[in-house]
$ cat target.tsv   # TSV, C-alpha atoms
chain	number	residue	atom	x	y	z
A	19	MET	CA	-66.73	-32.75	-47.54
A	20	GLN	CA	-66.61	-34.17	-44.00
A	21	GLU	CA	-67.02	-37.68	-45.42
A	22	LEU	CA	-64.10	-37.36	-47.84
A	23	THR	CA	-60.44	-38.20	-47.39
A	24	LEU	CA	-58.64	-34.96	-48.16
A	25	ASN	CA	-55.02	-34.35	-49.11
A	26	GLU	CA	-53.41	-32.62	-46.13
A	27	ASN	CA	-50.64	-31.27	-48.36
A	28	LEU	CA	-53.18	-29.43	-50.50
A	29	LEU	CA	-54.87	-28.01	-47.42
A	30	ALA	CA	-51.50	-26.70	-46.19
A	31	ALA	CA	-50.67	-25.05	-49.51
A	32	PRO	CA	-52.04	-21.51	-49.86
A	33	VAL	CA	-54.08	-20.70	-52.95
A	34	HIS	CA	-52.32	-18.34	-55.33
A	35	VAL	CA	-54.19	-15.04	-55.58
A	36	ALA	CA	-53.87	-13.32	-58.95
A	37	GLY	CA	-54.01	-9.58	-59.52
A	38	LYS	CA	-57.49	-8.07	-59.72
A	39	PRO	CA	-58.94	-8.26	-63.25
A	40	ILE	CA	-60.16	-5.07	-64.91
A	41	GLU	CA	-63.73	-6.37	-65.14
A	42	GLU	CA	-63.93	-6.95	-61.40
A	43	VAL	CA	-62.66	-3.46	-60.58
A	44	ARG	CA	-65.08	-1.91	-63.06
A	45	ARG	CA	-68.00	-3.77	-61.49
A	46	GLU	CA	-66.92	-3.12	-57.88
A	47	TYR	CA	-66.08	0.57	-58.20
A	48	GLY	CA	-68.33	1.62	-61.08
A	49	LEU	CA	-65.42	3.02	-63.08
A	50	GLU	CA	-65.07	3.23	-66.84
A	51	ARG	CA	-61.40	4.10	-67.24
A	52	ILE	CA	-59.17	1.52	-65.59
A	53	ILE	CA	-55.52	0.66	-66.13
A	54	LYS	CA	-53.97	-2.56	-64.90
A	55	LEU	CA	-50.38	-2.36	-63.69
A	56	ALA	CA	-50.50	-5.37	-61.39
A	57	SER	CA	-49.50	-8.50	-63.31
A	58	ASN	CA	-46.41	-7.53	-65.33
A	59	GLU	CA	-48.16	-7.96	-68.67
A	60	ASN	CA	-46.74	-6.39	-71.83
A	61	PRO	CA	-48.56	-3.04	-72.33
A	62	LEU	CA	-48.03	-3.31	-76.10
A	63	GLY	CA	-50.16	-6.44	-76.21
A	64	PRO	CA	-49.38	-9.70	-78.00
A	65	SER	CA	-46.92	-10.13	-80.82
A	66	PRO	CA	-48.68	-9.22	-84.10
A	67	LEU	CA	-47.01	-12.19	-85.79
A	68	ALA	CA	-48.45	-14.45	-83.09
A	69	VAL	CA	-51.94	-13.00	-83.58
A	70	GLU	CA	-51.80	-13.65	-87.31
A	71	ALA	CA	-50.52	-17.20	-86.83
A	72	ILE	CA	-53.27	-17.91	-84.27
A	73	LYS	CA	-55.97	-16.73	-86.70
A	74	LYS	CA	-54.65	-19.07	-89.37
A	75	ALA	CA	-54.49	-21.98	-86.91
A	76	LEU	CA	-58.04	-21.66	-85.53
A	77	PRO	CA	-59.79	-23.67	-88.30
A	78	ASN	CA	-57.77	-26.72	-87.19
A	79	ALA	CA	-58.47	-26.27	-83.49
A	80	HIS	CA	-60.59	-29.44	-83.51
A	81	ARG	CA	-57.37	-31.48	-83.92
A	82	TYR	CA	-55.12	-32.54	-81.05
A	83	PRO	CA	-51.62	-31.01	-81.14
A	84	GLY	CA	-49.39	-32.93	-83.52
A	85	THR	CA	-45.92	-31.79	-84.50
A	86	VAL	CA	-46.41	-28.19	-83.36
A	87	GLU	CA	-44.91	-28.84	-79.92
A	88	ALA	CA	-41.84	-30.48	-81.42
A	89	ASN	CA	-41.52	-27.51	-83.77
A	90	LEU	CA	-41.53	-25.09	-80.85
A	91	ARG	CA	-39.01	-27.17	-78.91
A	92	ALA	CA	-36.70	-27.27	-81.91
A	93	ARG	CA	-36.99	-23.51	-82.42
A	94	LEU	CA	-36.24	-22.82	-78.75
A	95	ALA	CA	-33.23	-25.14	-78.84
A	96	GLN	CA	-31.94	-23.28	-81.89
A	97	LEU	CA	-32.21	-19.98	-80.02
A	98	MET	CA	-30.38	-21.46	-77.03
A	99	GLY	CA	-27.43	-22.19	-79.33
A	100	GLY	CA	-24.54	-24.52	-78.61
A	101	ASP	CA	-25.34	-28.22	-78.59
A	102	PHE	CA	-28.95	-27.82	-77.44
A	103	ASP	CA	-31.67	-29.66	-79.35
A	104	GLU	CA	-35.38	-30.29	-78.81
A	105	ASP	CA	-34.67	-33.05	-76.29
A	106	ASN	CA	-33.27	-30.38	-73.95
A	107	ILE	CA	-36.65	-28.59	-73.86
A	108	ILE	CA	-39.93	-29.34	-72.10
A	109	ILE	CA	-43.05	-27.27	-72.78
A	110	GLY	CA	-45.46	-26.30	-70.02
A	111	ASN	CA	-48.82	-24.60	-69.58
A	112	GLY	CA	-46.91	-21.48	-68.61
A	113	SER	CA	-43.58	-21.73	-66.80
A	114	CYS	CA	-45.60	-22.34	-63.61
A	115	ASP	CA	-46.52	-25.73	-65.07
A	116	VAL	CA	-42.86	-26.59	-65.48
A	117	LEU	CA	-42.24	-25.60	-61.85
A	118	ARG	CA	-45.14	-27.87	-60.88
A	119	MET	CA	-43.58	-30.79	-62.77
A	120	VAL	CA	-40.24	-30.21	-61.04
A	121	CYS	CA	-41.78	-30.27	-57.57
A	122	LEU	CA	-43.86	-33.35	-58.39
A	123	ALA	CA	-40.73	-35.07	-59.67
A	124	PHE	CA	-38.43	-34.36	-56.73
A	125	LEU	CA	-40.30	-33.55	-53.52
A	126	HIS	CA	-41.84	-36.94	-52.77
A	127	ASP	CA	-41.25	-38.49	-49.34
A	128	GLY	CA	-40.33	-35.28	-47.54
A	129	GLY	CA	-37.71	-33.64	-49.74
A	130	GLU	CA	-36.69	-30.08	-48.98
A	131	SER	CA	-36.73	-26.92	-51.08
A	132	VAL	CA	-34.48	-24.01	-50.24
A	133	VAL	CA	-36.39	-20.84	-51.11
A	134	CYS	CA	-36.25	-17.10	-50.57
A	135	PRO	CA	-39.49	-15.85	-48.95
A	136	SER	CA	-39.31	-12.56	-50.91
A	137	THR	CA	-39.91	-14.05	-54.32
A	138	PHE	CA	-42.45	-15.70	-56.62
A	139	PRO	CA	-44.82	-17.57	-54.27
A	140	MET	CA	-45.34	-20.63	-56.48
A	141	TYR	CA	-42.05	-22.17	-55.33
A	142	ARG	CA	-43.45	-22.25	-51.81
A	143	ILE	CA	-46.96	-23.28	-52.88
A	144	TYR	CA	-45.82	-26.18	-55.06
A	145	THR	CA	-43.38	-27.39	-52.41
A	146	GLN	CA	-46.19	-27.59	-49.87
A	147	MET	CA	-48.65	-29.02	-52.41
A	148	PHE	CA	-46.44	-32.02	-53.08
A	149	GLY	CA	-45.51	-32.69	-49.47
A	150	GLY	CA	-42.07	-31.10	-49.48
A	151	ASN	CA	-40.53	-29.14	-46.65
A	152	LEU	CA	-39.62	-25.47	-46.97
A	153	VAL	CA	-36.24	-24.12	-45.91
A	154	PRO	CA	-36.53	-20.29	-46.09
A	155	VAL	CA	-33.54	-18.01	-46.53
A	156	GLU	CA	-34.28	-14.31	-46.12
A	157	ALA	CA	-33.28	-11.81	-48.78
A	158	ARG	CA	-30.54	-9.27	-48.19
A	159	ASP	CA	-31.20	-5.75	-49.49
A	160	TYR	CA	-34.14	-7.11	-51.51
A	161	ALA	CA	-31.87	-9.59	-53.33
A	162	TYR	CA	-31.16	-13.31	-53.08
A	163	ASP	CA	-28.55	-14.20	-50.46
A	164	LEU	CA	-26.89	-17.11	-52.30
A	165	PRO	CA	-24.14	-17.75	-49.68
A	166	ALA	CA	-26.82	-18.08	-47.00
A	167	MET	CA	-28.77	-20.49	-49.24
A	168	VAL	CA	-25.69	-22.69	-49.59
A	169	GLU	CA	-25.40	-22.83	-45.81
A	170	LYS	CA	-28.96	-24.20	-45.61
A	171	ILE	CA	-28.27	-27.21	-47.87
A	172	GLY	CA	-28.80	-30.38	-45.85
A	173	ASP	CA	-29.14	-34.11	-46.36
A	174	ALA	CA	-32.81	-33.75	-47.37
A	175	THR	CA	-32.29	-30.83	-49.78
A	176	ARG	CA	-33.43	-31.67	-53.30
A	177	LEU	CA	-34.31	-28.32	-54.87
A	178	ILE	CA	-33.04	-24.76	-54.68
A	179	PHE	CA	-35.21	-22.12	-56.36
A	180	VAL	CA	-33.57	-18.99	-57.75
A	181	CYS	CA	-35.56	-16.26	-59.54
A	182	ASN	CA	-33.26	-14.13	-61.70
A	183	PRO	CA	-34.16	-11.32	-62.05
A	184	ASN	CA	-36.31	-11.63	-58.99
A	185	ASN	CA	-40.05	-11.11	-58.79
A	186	PRO	CA	-41.20	-8.87	-57.01
A	187	THR	CA	-37.99	-6.98	-56.20
A	188	GLY	CA	-36.55	-6.66	-59.72
A	189	THR	CA	-33.02	-7.35	-58.45
A	190	MET	CA	-30.50	-9.35	-60.47
A	191	LEU	CA	-27.77	-11.89	-59.75
A	192	THR	CA	-24.46	-11.49	-61.56
A	193	GLN	CA	-22.44	-14.19	-63.29
A	194	GLN	CA	-19.81	-14.06	-60.55
A	195	GLN	CA	-22.43	-14.50	-57.82
A	196	VAL	CA	-23.97	-17.51	-59.56
A	197	ASP	CA	-20.58	-19.07	-60.38
A	198	ASP	CA	-19.50	-18.83	-56.73
A	199	PHE	CA	-22.83	-20.34	-55.70
A	200	MET	CA	-22.69	-23.23	-58.17
A	201	GLU	CA	-19.20	-24.18	-57.01
A	202	GLN	CA	-20.67	-25.01	-53.61
A	203	VAL	CA	-23.90	-26.77	-54.62
A	204	PRO	CA	-23.58	-30.58	-54.47
A	205	GLU	CA	-24.52	-32.63	-57.53
A	206	ARG	CA	-27.40	-34.31	-55.68
A	207	VAL	CA	-29.26	-30.97	-55.49
A	208	VAL	CA	-31.25	-29.56	-58.43
A	209	VAL	CA	-30.98	-25.80	-58.96
A	210	VAL	CA	-34.09	-24.31	-60.60
A	211	VAL	CA	-33.43	-20.91	-62.19
A	212	ASP	CA	-36.58	-18.99	-63.10
A	213	GLU	CA	-35.80	-16.49	-65.89
A	214	ALA	CA	-39.34	-15.25	-66.59
A	215	TYR	CA	-38.04	-11.68	-66.99
A	216	TYR	CA	-34.63	-12.28	-68.59
A	217	ASP	CA	-35.72	-10.59	-71.86
A	218	TYR	CA	-35.81	-7.24	-70.09
A	219	VAL	CA	-32.34	-7.42	-68.54
A	220	ALA	CA	-29.88	-4.80	-69.82
A	221	ASP	CA	-27.00	-5.35	-67.39
A	222	GLU	CA	-24.11	-7.15	-69.11
A	223	HIS	CA	-23.19	-8.89	-65.85
A	224	TYR	CA	-26.45	-10.84	-65.78
A	225	ALA	CA	-25.82	-14.51	-65.02
A	226	SER	CA	-26.24	-17.20	-67.66
A	227	VAL	CA	-26.70	-20.81	-66.56
A	228	LYS	CA	-26.73	-22.35	-70.05
A	229	GLU	CA	-23.12	-23.47	-69.64
A	230	TYR	CA	-23.97	-25.43	-66.50
A	231	ILE	CA	-26.67	-27.33	-68.40
A	232	GLU	CA	-24.24	-28.05	-71.24
A	233	GLU	CA	-21.75	-29.37	-68.68
A	234	GLY	CA	-24.38	-31.83	-67.44
A	235	ARG	CA	-25.06	-30.12	-64.12
A	236	ASN	CA	-28.45	-30.60	-62.45
A	237	VAL	CA	-29.78	-27.18	-63.41
A	238	ILE	CA	-33.28	-26.50	-64.77
A	239	LEU	CA	-33.89	-23.16	-66.49
A	240	THR	CA	-37.49	-21.96	-66.88
A	241	ARG	CA	-38.81	-19.21	-69.16
A	242	THR	CA	-42.18	-17.95	-70.35
A	243	PHE	CA	-44.03	-16.38	-73.27
A	244	SER	CA	-46.21	-14.40	-70.86
A	245	LYS	CA	-44.01	-11.32	-70.51
A	246	ILE	CA	-42.12	-9.70	-73.39
A	247	HIS	CA	-43.97	-11.78	-76.02
A	248	GLY	CA	-47.31	-10.57	-74.64
A	249	LEU	CA	-48.95	-14.01	-74.57
A	250	ALA	CA	-49.93	-14.34	-70.90
A	251	GLY	CA	-53.42	-15.53	-71.85
A	252	LEU	CA	-52.09	-18.40	-73.97
A	253	ARG	CA	-50.20	-20.04	-71.08
A	254	VAL	CA	-47.01	-21.27	-72.74
A	255	GLY	CA	-43.70	-21.67	-70.94
A	256	TYR	CA	-40.74	-24.00	-71.11
A	257	GLY	CA	-37.90	-25.59	-69.22
A	258	VAL	CA	-34.35	-26.25	-70.37
A	259	ALA	CA	-32.12	-28.93	-68.85
A	260	LYS	CA	-29.86	-31.82	-69.77
A	261	LYS	CA	-31.62	-34.49	-71.80
A	262	GLU	CA	-31.80	-37.05	-69.00
A	263	MET	CA	-33.51	-34.49	-66.77
A	264	ILE	CA	-36.05	-33.56	-69.44
A	265	GLN	CA	-36.78	-37.24	-70.10
A	266	TYR	CA	-37.50	-37.71	-66.40
A	267	LEU	CA	-39.72	-34.61	-66.19
A	268	GLN	CA	-41.79	-35.88	-69.12
A	269	HIS	CA	-43.26	-38.42	-66.68
A	270	ALA	CA	-44.80	-35.51	-64.73
A	271	ARG	CA	-46.58	-33.81	-67.62
A	272	SER	CA	-50.15	-34.30	-68.76
A	273	PRO	CA	-50.92	-35.30	-72.36
A	274	PHE	CA	-51.78	-32.44	-74.72
A	275	HIS	CA	-51.38	-30.00	-71.83
A	276	VAL	CA	-50.84	-27.01	-74.17
A	277	GLY	CA	-53.15	-26.46	-77.12
A	278	SER	CA	-51.90	-26.37	-80.70
A	279	VAL	CA	-53.17	-22.83	-81.30
A	280	ASN	CA	-51.21	-21.62	-78.27
A	281	LEU	CA	-48.07	-23.43	-79.42
A	282	ILE	CA	-48.32	-21.98	-82.92
A	283	GLY	CA	-48.76	-18.48	-81.54
A	284	ALA	CA	-45.75	-18.88	-79.24
A	285	THR	CA	-43.58	-20.17	-82.09
A	286	ALA	CA	-44.52	-17.22	-84.31
A	287	SER	CA	-43.76	-14.73	-81.53
A	288	LEU	CA	-40.14	-15.86	-81.46
A	289	ASP	CA	-39.68	-14.40	-84.95
A	290	ASP	CA	-41.25	-11.05	-84.06
A	291	VAL	CA	-37.96	-9.26	-83.48
A	292	GLU	CA	-39.61	-5.86	-83.99
A	293	HIS	CA	-42.20	-6.46	-81.25
A	294	ILE	CA	-39.53	-7.68	-78.83
A	295	GLN	CA	-37.33	-4.65	-79.49
A	296	ARG	CA	-40.24	-2.20	-79.21
A	297	SER	CA	-41.15	-3.78	-75.88
A	298	ARG	CA	-37.60	-3.44	-74.56
A	299	THR	CA	-37.24	0.14	-75.75
A	300	LEU	CA	-40.56	1.21	-74.25
A	301	ASN	CA	-39.80	-0.52	-70.97
A	302	ALA	CA	-36.36	1.09	-70.63
A	303	ALA	CA	-37.65	4.59	-71.35
A	304	GLU	CA	-40.72	4.34	-69.12
A	305	LYS	CA	-38.72	2.86	-66.28
A	306	GLU	CA	-36.54	5.98	-66.22
A	307	TYR	CA	-39.65	8.17	-66.34
A	308	LEU	CA	-41.15	6.36	-63.34
A	309	TYR	CA	-37.87	6.54	-61.40
A	310	GLU	CA	-37.93	10.33	-61.82
A	311	GLN	CA	-41.57	10.58	-60.74
A	312	PHE	CA	-41.10	8.30	-57.73
A	313	ASP	CA	-38.12	10.43	-56.65
A	314	ARG	CA	-40.28	13.55	-56.98
A	315	LEU	CA	-42.98	11.94	-54.83
A	316	ASP	CA	-40.39	10.78	-52.28
A	317	LEU	CA	-41.26	7.12	-52.89
A	318	ARG	CA	-38.40	4.70	-52.42
A	319	HIS	CA	-37.98	2.33	-55.36
A	320	ILE	CA	-35.67	-0.61	-56.00
A	321	PRO	CA	-33.66	-0.40	-59.26
A	322	SER	CA	-35.18	-3.04	-61.53
A	323	GLU	CA	-33.96	-5.27	-64.37
A	324	THR	CA	-37.54	-6.21	-65.22
A	325	ASN	CA	-40.80	-4.67	-66.46
A	326	PHE	CA	-41.95	-3.76	-62.95
A	327	ILE	CA	-40.73	-1.66	-60.01
A	328	LEU	CA	-41.04	-2.41	-56.31
A	329	LEU	CA	-41.97	0.46	-54.00
A	330	PRO	CA	-40.96	-0.73	-50.50
A	331	GLU	CA	-41.07	0.84	-47.03
A	332	LEU	CA	-44.12	2.92	-47.86
A	333	ARG	CA	-45.19	5.70	-45.51
A	334	HIS	CA	-48.73	4.31	-45.58
A	335	ASP	CA	-50.18	0.82	-45.39
A	336	ALA	CA	-49.55	-1.00	-48.68
A	337	VAL	CA	-53.01	-2.58	-48.84
A	338	ALA	CA	-54.68	0.76	-48.04
A	339	MET	CA	-52.65	2.43	-50.78
A	340	SER	CA	-53.56	-0.29	-53.28
A	341	GLU	CA	-57.24	0.02	-52.45
A	342	ALA	CA	-57.08	3.81	-52.71
A	343	LEU	CA	-55.45	3.46	-56.13
A	344	LEU	CA	-58.25	1.11	-57.17
A	345	ARG	CA	-60.74	3.88	-56.43
A	346	GLN	CA	-58.76	6.02	-58.87
A	347	GLY	CA	-58.97	3.28	-61.51
A	348	VAL	CA	-55.38	2.03	-61.19
A	349	ILE	CA	-54.65	-1.62	-60.33
A	350	VAL	CA	-51.28	-2.34	-58.69
A	351	ARG	CA	-50.11	-5.32	-56.62
A	352	PRO	CA	-49.53	-5.30	-52.86
A	353	ALA	CA	-46.32	-7.29	-52.37
A	354	GLY	CA	-47.19	-8.91	-49.05
A	355	GLY	CA	-48.14	-12.15	-50.79
A	356	PHE	CA	-44.68	-12.14	-52.36
A	357	GLY	CA	-43.00	-11.91	-48.98
A	358	VAL	CA	-42.45	-8.13	-48.99
A	359	PRO	CA	-45.01	-6.56	-46.64
A	360	GLY	CA	-45.26	-2.80	-46.69
A	361	ALA	CA	-44.57	-2.62	-50.41
A	362	ILE	CA	-46.41	-2.48	-53.71
A	363	ARG	CA	-45.27	-3.72	-57.11
A	364	VAL	CA	-46.03	-1.58	-60.15
A	365	THR	CA	-45.88	-2.86	-63.72
A	366	ILE	CA	-44.23	-0.47	-66.19
A	367	GLY	CA	-46.89	0.58	-68.70
A	368	THR	CA	-47.16	2.96	-71.62
A	369	ARG	CA	-46.52	6.67	-71.07
A	370	GLU	CA	-50.26	7.33	-70.88
A	371	GLU	CA	-50.72	4.57	-68.30
A	372	ASN	CA	-47.71	5.69	-66.29
A	373	GLU	CA	-48.88	9.30	-66.24
A	374	ARG	CA	-52.23	8.10	-64.97
A	375	LEU	CA	-50.45	6.08	-62.27
A	376	VAL	CA	-48.41	9.10	-61.17
A	377	TRP	CA	-51.52	11.28	-61.04
A	378	ALA	CA	-53.34	8.63	-58.98
A	379	LEU	CA	-50.39	8.30	-56.61
A	380	GLU	CA	-50.43	12.05	-56.05
A	381	GLN	CA	-54.13	11.91	-55.18
A	382	VAL	CA	-53.74	8.89	-52.89
A	383	LEU	CA	-50.68	10.19	-51.04
A	384	HIS	CA	-52.48	13.48	-50.38
A	385	GLU	CA	-55.63	11.66	-49.29
A	386	LEU	CA	-53.82	9.29	-46.90
A	387	THR	CA	-51.59	12.03	-45.49
A	388	GLU	CA	-54.49	14.41	-44.87
A	389	GLY	CA	-56.86	11.67	-43.72

$ encode --input "target.tsv" --output "C-alpha cells"
Amino acid sequence: MQELTLNENLLAAPVHVAGKPIEEVRREYGLERIIKLASNENPLGPSPLAVEAIKKALPNAHRYPGTVEANLRARLAQLMGGDFDEDNIIIGNGSCDVLRMVCLAFLHDGGESVVCPSTFPMYRIYTQMFGGNLVPVEARDYAYDLPAMVEKIGDATRLIFVCNPNNPTGTMLTQQQVDDFMEQVPERVVVVVDEAYYDYVADEHYASVKEYIEEGRNVILTRTFSKIHGLAGLRVGYGVAKKEMIQYLQHARSPFHVGSVNLIGATASLDDVEHIQRSRTLNAAEKEYLYEQFDRLDLRHIPSETNFILLPELRHDAVAMSEALLRQGVIVRPAGGFGVPGAIRVTIGTREENERLVWALEQVLHELTEG
C-alpha cells in the first residue's frame, strides 16, 4: 500500500459500522436464543406479496433489469400524487445510495454540507468521502435546530441534510418548523430530506416537503424499502425531486445498480396494504408497552415517531450496557456512532422480543448496579 497513491478523502471518512449480526453474536457468546433490536428492521419480516413476486422473478435472474425499474418509478410517482411522474424519481441501492449520488453530484471542489451531528452518520461520511466540508449544528433537546442551521449557511454551502423523523432520536419536525426553515434557505442550496421512517409517523403535524418539489424548489426527498416494507436485505431506496434535478443525479448512478428481482419485490410490497397496516399497528402498540416498561425501570426515553426508541443519559456506560445485553442474547445499538454518546437505541420488536429485552435490561441494570 505504501507504493500506491491513496485518496485522502477516503482515508478521512470513517467506515460505517453496522449493527452486530445474529450469527456473530451466536459464535462469540455461544448463545442459541438471540434477538436483534439494533438495526430498525421490521420484526414481521418482508412483505408476503414481495416474497411471492421474488419467487416468480427468480427464473429470469440471468437477465439484466429491463422495464422493471421504470415500472417501480411510475408506481412511486403515482403514490406521490399530484403532477409527479417517473421522471421525478431516481432509484438507489438503498436510500444510502441516493445520498451517495447527491454528495458526489454537489460536493466537488470543497462544497459544504450543513449537518446535525446527532443523526444518521452517512451524511457526514459521504461528505468527507467526496471531499466536502462539514458544518455541524448541534441538536437541541434531541431534535434538529433548524434556525441554527439557517445561521450556518455560507457562500460555500451546497447541501443541508435533514432527517425527519430523526435517526437515532426518533424526534419529528412539524410542517410549521419546516415552512419557516424553507423560507430562509436560498435557492442555491439543496435541502436533502431523509424520510426513511415516515411510514411510522402518526402525528398529523408531520412536515411534508412534496409541495416544495412541485414548486420547483431544490429539495431532494429520500425514502427506503428497508423499514416498514421489511426489505432491508434487498437494498432498494429512492429519491424524489424536480425533473431537472433527477436528470442531473442520473449522471452519478451506476448502470444496473439494483437487480431486477429486488425491484420486482419492492414494487409488489407497495401493494401489500395489509402488511403495512399490521406493521404500523404492532409498532404503535409495542412502543406504548416499552414506554411503560422503561418508566418502570427508571430509564429515560425520548418519545419516538419511528420504529425505535432512544434511551439517553444512561446511569451506566452505554457500551458496557450494550455488551452486557449481548451476553443475555439481546442486540441493541450504542448511539455514540450516531452522535449521541451515553445512549442506546432500541428497535421496537414483537411482544415476545420486547419482553425478552425488558427481562435482559432488568438483569443488566442489577448486574451493573451491584458490580

$ closest_atom_pairs --input "target.tsv" --of "segment 81-122 of chain A" --to "segment 280-290 of chain A" --cutoff "8 Å" --atoms "all atoms listed in the file" --output "JSON lines"
{"residue": "A:Val86", "atom": "CA", "partner": "A:Leu281", "partner_atom": "CA", "distance": 6.4}
{"residue": "A:Glu87", "atom": "CA", "partner": "A:Leu281", "partner_atom": "CA", "distance": 6.3}
{"residue": "A:Asn89", "atom": "CA", "partner": "A:Thr285", "partner_atom": "CA", "distance": 7.8}
{"residue": "A:Leu90", "atom": "CA", "partner": "A:Thr285", "partner_atom": "CA", "distance": 5.5}
{"residue": "A:Arg93", "atom": "CA", "partner": "A:Thr285", "partner_atom": "CA", "distance": 7.4}

$ write_last_selection --input "target.tsv" --atoms "C-alpha atoms" --output "tab-separated table (two decimals), in the coordinates of the input"
chain	number	residue	atom	x	y	z
A	86	VAL	CA	-46.41	-28.19	-83.36
A	87	GLU	CA	-44.91	-28.84	-79.92
A	89	ASN	CA	-41.52	-27.51	-83.77
A	90	LEU	CA	-41.53	-25.09	-80.85
A	93	ARG	CA	-36.99	-23.51	-82.42

$ closest_residue --input "target.tsv" --among "A:Glu331, A:Leu308, A:Pro321, A:Ser278" --to "Arg81 of chain A" --atoms "only C-alpha atoms"
A:Ser278

$ residues_around --input "target.tsv" --residues "segment 136-139 of chain A" --least-positions-apart "4" --cutoff "7 Å" --atoms "all atoms listed in the file" --output "VMD selection string"
chain A and resid 143 157 184 to 186 356 to 358

$ residues_near_point --input "target.tsv" --point "(-37.1, -30.3, -81.4)" --cutoff "10 Å" --atoms "only C-alpha atoms" --output "list in words"
Thr85, Val86, Glu87, Ala88, Asn89, Leu90, Arg91, Ala92, Arg93, Leu94, Ala95, Gln96, Phe102, Asp103, Glu104, Asp105, Asn106, Ile107 and Ile108 of chain A

$ axis_aligned_box --input "target.tsv" --around "segment 44-63 of chain A" --padding-each-side "6 Å" --output "JSON"
{"center_x": -57.4, "center_y": -2.2, "center_z": -67.0, "size_x": 33.9, "size_y": 24.6, "size_z": 30.3}

$ closest_residue --input "target.tsv" --among "A:Leu343, A:Met190, A:Ala225, A:Leu239" --to "Val209 of chain A" --atoms "all atoms listed in the file"
A:Leu239

$ closest_residue --input "target.tsv" --among "A:His275, A:Arg374, A:His247, A:Arg333" --to "Leu62 of chain A" --atoms "all atoms listed in the file"
A:His247

$ closest_residue --input "target.tsv" --among "A:Gly150, A:Thr299, A:Gln202, A:Tyr144" --to "Ile171 of chain A" --atoms "all atoms listed in the file"
A:Gln202

$ closest_residue --input "target.tsv" --among "A:Val364, A:Glu229, A:Glu371, A:Leu344" --to "Arg44 of chain A" --atoms "only C-alpha atoms"
A:Leu344

$ residues_near_point --input "target.tsv" --point "(-46.5, -30.4, -39.9)" --cutoff "10 Å" --atoms "all atoms listed in the file" --output "number ranges by chain"
A: 26-27, 30, 149, 151

$ residues_around --input "target.tsv" --residues "Ala79 of chain A" --least-positions-apart "3" --cutoff "12 Å" --atoms "only C-alpha atoms" --output "list in words"
Ile72, Lys73, Lys74, Ala75, Leu76, Tyr82, Pro83, Gly84, Gly277, Ser278, Val279, Asn280, Leu281 and Ile282 of chain A

$ atom_distance --input "target.tsv" --atom1 "atom CA of His126 of chain A" --atom2 "atom CA of Phe148 of chain A"
6.7 Å

$ atom_distance --input "target.tsv" --atom1 "atom CA of Thr365 of chain A" --atom2 "atom CA of Trp377 of chain A"
15.5 Å

$ closest_residue --input "target.tsv" --among "A:Pro165, A:Pro135, A:Gly100, A:Gly48" --to "Ile231 of chain A" --atoms "only C-alpha atoms"
A:Gly100

$ residues_around --input "target.tsv" --residues "Leu375 of chain A" --least-positions-apart "4" --cutoff "10 Å" --atoms "only C-alpha atoms" --output "PyMOL selection string"
chain A and resi 53-55+308+343+346-350+364+366-367+369-371+379-381

$ residues_around --input "target.tsv" --residues "Pro154 of chain A" --least-positions-apart "3" --cutoff "8 Å" --atoms "all atoms listed in the file" --output "PyMOL selection string"
chain A and resi 132-135

$ atom_distance --input "target.tsv" --atom1 "atom CA of Asn60 of chain A" --atom2 "atom CA of Lys228 of chain A"
25.7 Å

$ decode --input "target.tsv" --residues "segment 358-369 of chain A" --atoms "N, CA and C atoms" --output "tab-separated table (two decimals), in the first residue's frame"
chain	number	residue	atom	x	y	z
A	358	VAL	N	-24.70	10.52	19.70
A	358	VAL	CA	-25.37	10.63	20.99
A	358	VAL	C	-24.66	9.69	21.98
A	359	PRO	N	-23.52	10.09	22.51
A	359	PRO	CA	-22.83	9.25	23.49
A	359	PRO	C	-23.66	9.12	24.75
A	360	GLY	N	-23.46	8.00	25.44
A	360	GLY	CA	-24.21	7.78	26.67
A	360	GLY	C	-25.63	7.34	26.46
A	361	ALA	N	-25.92	6.84	25.23
A	361	ALA	CA	-27.29	6.42	24.92
A	361	ALA	C	-27.24	5.11	24.14
A	362	ILE	N	-28.36	4.38	24.17
A	362	ILE	CA	-28.53	3.23	23.29
A	362	ILE	C	-29.85	3.40	22.53
A	363	ARG	N	-29.88	2.83	21.33
A	363	ARG	CA	-31.08	2.86	20.51
A	363	ARG	C	-31.64	1.44	20.44
A	364	VAL	N	-32.94	1.33	20.68
A	364	VAL	CA	-33.59	0.03	20.74
A	364	VAL	C	-34.68	-0.04	19.68
A	365	THR	N	-34.59	-1.02	18.79
A	365	THR	CA	-35.65	-1.23	17.81
A	365	THR	C	-36.88	-1.82	18.51
A	366	ILE	N	-38.05	-1.40	18.08
A	366	ILE	CA	-39.30	-1.94	18.63
A	366	ILE	C	-39.60	-3.27	17.94
A	367	GLY	N	-39.67	-4.34	18.72
A	367	GLY	CA	-39.88	-5.67	18.16
A	367	GLY	C	-41.28	-6.18	18.39
A	368	THR	N	-41.43	-7.48	18.32
A	368	THR	CA	-42.69	-8.13	18.68
A	368	THR	C	-42.83	-8.14	20.20
A	369	ARG	N	-44.00	-8.50	20.70
A	369	ARG	CA	-44.18	-8.55	22.16
A	369	ARG	C	-43.20	-9.54	22.78
